[in-house]
Amino acid sequence: MKISVDHVTNSSSESFGTVIIDTAIAISVAIPYIAATLNGNVDAETEVDIPEDDWGYQPHDSTDPKDPPGTIVQNNRDGTITKTLPDGTKGTQMKDGTIYVTQPDGTTGVIDPDGHQRMTLPDGTKIEQYTDGTAYAEYPDGTTRVEYPDGTVKEQDPKGEVVQMNPDGTFEVTEPNQTWTKVYAEDGKLLKGKTETGSEIIVDDQGEITGKLVDQDGNEMKVSGNLNEGFKAEDTKGNFVEVNEDGEVSKVSYKDENGHYQINDDGTMDINYKDPTSGDEIAIEFDPNKGLNYKDSKGNYINIDQEGKGEAHLVKDDMELQINKDGSGYYKDKDGEMKTDGKGRLEVKDSDGNYEIVQENEDGTVTYENGNKEGQQMTAIKDKDNNYIFTKNDGSQLVIKDSGLTITDKDGNTTSYTKADIENMVSEYHQLGGQS
């Protein structure tokens, strides 16, 4: 986000918190002027002698010395008053004191009796000025900007980044989806970081870091270190977190009533804890040179080496998973099961007894079989030459080769079609379709 206090205002020193808008449309003059001259300050001489049956008062030149020459005033029969300036700006005061303003370029504005002002510019920009001096703007791209009476300015871009410019020259940046807000000096130097929970890290001129980390439960850890060397956060119980100069967590030791968490600077990890929800006791060990080991009090385990190979056994509700070191294993739940021997054979069966078997053979062929609880329904074989042989349990067979296909029915009758026969049949089919 571009940080600019002139995002809404022009080069004038006046904030749009005190002037409803100070842009090229010159409404900073038009709206306050309309408000001042209409709000109980219209010259009494604006009334003219006209016939009683005339519909309202006729428009006439204003006699108010504050109005520019050519200003037209009209007292309307419904009790409203309309004043039109020479540039075409028009303001109408309602009986309740509300004033509506329009300009030739399409800008519209409303001034409430209490002084609250709202405006919409031709490009869709919306501006509000509140009676306490606060001003708000919303731009067509989704950017918002608020100027407060004390000089604070806060902007948020469409992506959610928030930049707050403070009266003392410092500015604060909060990135989207981040809990930390960074505070910078006027020259862009980082001063500190802070969160809504009370965490605060302060950086001095030498890069020394001091402060505290506070979680949502109010637990506090003191912070010390250096921007160029990293820092350490530690509480009174001996729990600590170390962060290196690259901003990466290098070491952690933490104990609470549920267990112990240890991350070492060599990358190893040791975690032992009790799940407060399920009551399961869980142990996790990780070594980048050896792999990951997980086990719990229910007999579940995962052992994976540094190459990603290993074994596992997990049971949860109606699900069970088993993976063995040789690649074999199975998965099953209430809908069925799937298993492999790790040598190219895969079997899948659903809860109704329907099944499929795929076997990749060492000679390069592939065998496929499907069926149900009553028995085999069909087998298919793909040979090394990419020929396909489909056989049903009634003895019928279909053989597909590059040269054509052969169909054998259950009685042993055989019909063969060459590739040319098939192409002719396809051509005749399309011709028939064209005639229909």
# chains A, B, ... in the order shown; residues from 1 in each chain; ligands from 1
$ select_by_dssp --residues "region 30-257 of chain A" --states "strand (DSSP E or B)" --output "ChimeraX atom specification"
/A:60-61,72-75,81-84,90-93,99-102,108-111,117-120,126-129,135-138,144-147,153-156,162-165,171-174,181-184,190-194,200-203,208-214,220-226,230-234,240-243,249-256
$ residues_around --residues "Asn219 (chain A)" --least-positions-apart "5" --cutoff "9 Å" --atoms "only C-alpha atoms" --output "list in words"
Leu213, Val214 and Asp235 of chain A
$ atom_distance --atom1 "CA of Glu161 (chain A)" --atom2 "CA of His116 (chain A)"
28.4 Å
$ residues_around --residues "Thr365 (chain A)" --least-positions-apart "3" --cutoff "6 Å" --atoms "only C-alpha atoms" --output "ChimeraX atom specification"
/A:361,382-384
$ closest_residue --among "A:Thr179, A:Val153, A:Glu307, A:Ser250" --to "Gly291 (chain A)" --atoms "only C-alpha atoms"
A:Glu307
$ residues_around --residues "Met378 (chain A)" --least-positions-apart "2" --cutoff "12 Å" --atoms "only C-alpha atoms" --output "number ranges by chain"
A: 355-357, 367-372, 375-376, 380-381, 389-398
$ atom_distance --atom1 "CA of Asp296 (chain A)" --atom2 "CA of Asp280 (chain A)"
6.5 Å
$ residues_around --residues "Pro104 (chain A)" --least-positions-apart "3" --cutoff "9 Å" --atoms "only C-alpha atoms" --output "list in words"
Asp87, Gly88, Thr89, Lys90 and Thr107 of chain A
$ write_last_selection --atoms "C-alpha atoms" --output "PDB file, in the first residue's frame"
ATOM      1  CA  ASP A  87     -21.810  26.818 -11.762  1.00  0.00           C
ATOM      2  CA  GLY A  88     -24.946  24.622 -11.669  1.00  0.00           C
ATOM      3  CA  THR A  89     -24.518  23.377  -8.115  1.00  0.00           C
ATOM      4  CA  LYS A  90     -27.966  22.996  -6.580  1.00  0.00           C
ATOM      5  CA  THR A 107     -21.528  14.507  -7.412  1.00  0.00           C
TER       6      THR A 107
END
$ residues_around --residues "Glu172 (chain A)" --least-positions-apart "3" --cutoff "10 Å" --atoms "only C-alpha atoms" --output "VMD selection string"
chain A and resid 154 162 to 166 181 to 185 190 to 194
$ closest_residue --among "A:Ile323, A:Ile302, A:Ile407, A:Ala283" --to "Asp341 (chain A)" --atoms "only C-alpha atoms"
A:Ile323
$ residues_around --residues "Thr277 (chain A)" --least-positions-apart "4" --cutoff "12 Å" --atoms "only C-alpha atoms" --output "list in words"
Asn258, Tyr273 and Glu281 of chain A
$ closest_residue --among "A:Asp157, A:Glu347, A:Asp256, A:Glu360" --to "Lys237 (chain A)" --atoms "only C-alpha atoms"
A:Asp256
$ atom_distance --atom1 "CA of Arg118 (chain A)" --atom2 "CA of Tyr130 (chain A)"
8.7 Å
$ closest_residue --among "A:Glu175, A:Glu186, A:Asp168, A:Asp205" --to "Thr152 (chain A)" --atoms "only C-alpha atoms"
A:Asp168
$ decode --residues "region 77-113 of chain A" --atoms "C-alpha atoms" --output "CSV table (one decimal), in the first residue's frame"
chain,number,residue,atom,x,y,z
A,77,ARG,CA,-44.8,25.5,-1.9
A,78,ASP,CA,-44.0,22.2,-0.1
A,79,GLY,CA,-41.9,24.2,2.4
A,80,THR,CA,-38.5,23.4,0.9
A,81,ILE,CA,-36.0,26.0,-0.4
A,82,THR,CA,-33.8,25.5,-3.4
A,83,LYS,CA,-30.7,27.6,-4.2
A,84,THR,CA,-28.8,27.2,-7.5
A,85,LEU,CA,-25.3,28.6,-7.9
A,86,PRO,CA,-23.9,30.0,-11.2
A,87,ASP,CA,-21.8,26.8,-11.8
A,88,GLY,CA,-24.9,24.6,-11.7
A,89,THR,CA,-24.5,23.4,-8.1
A,90,LYS,CA,-28.0,23.0,-6.6
A,91,GLY,CA,-29.0,22.6,-2.9
A,92,THR,CA,-32.4,21.9,-1.5
A,93,GLN,CA,-33.3,22.3,2.1
A,94,MET,CA,-36.1,20.0,3.4
A,95,LYS,CA,-38.5,21.1,6.1
A,96,ASP,CA,-36.6,18.9,8.7
A,97,GLY,CA,-33.4,20.8,7.9
A,98,THR,CA,-31.8,18.1,5.8
A,99,ILE,CA,-30.0,19.5,2.7
A,100,TYR,CA,-29.5,17.6,-0.6
A,101,VAL,CA,-26.8,18.9,-2.9
A,102,THR,CA,-26.1,17.9,-6.5
A,103,GLN,CA,-23.4,19.2,-8.9
A,104,PRO,CA,-23.2,19.2,-12.7
A,105,ASP,CA,-20.5,16.4,-12.8
A,106,GLY,CA,-22.9,14.0,-10.9
A,107,THR,CA,-21.5,14.5,-7.4
A,108,THR,CA,-24.3,14.2,-4.8
A,109,GLY,CA,-24.2,15.1,-1.1
A,110,VAL,CA,-26.5,15.1,1.9
A,111,ILE,CA,-26.1,17.2,5.0
A,112,ASP,CA,-28.1,16.1,8.1
A,113,PRO,CA,-29.5,18.6,10.5
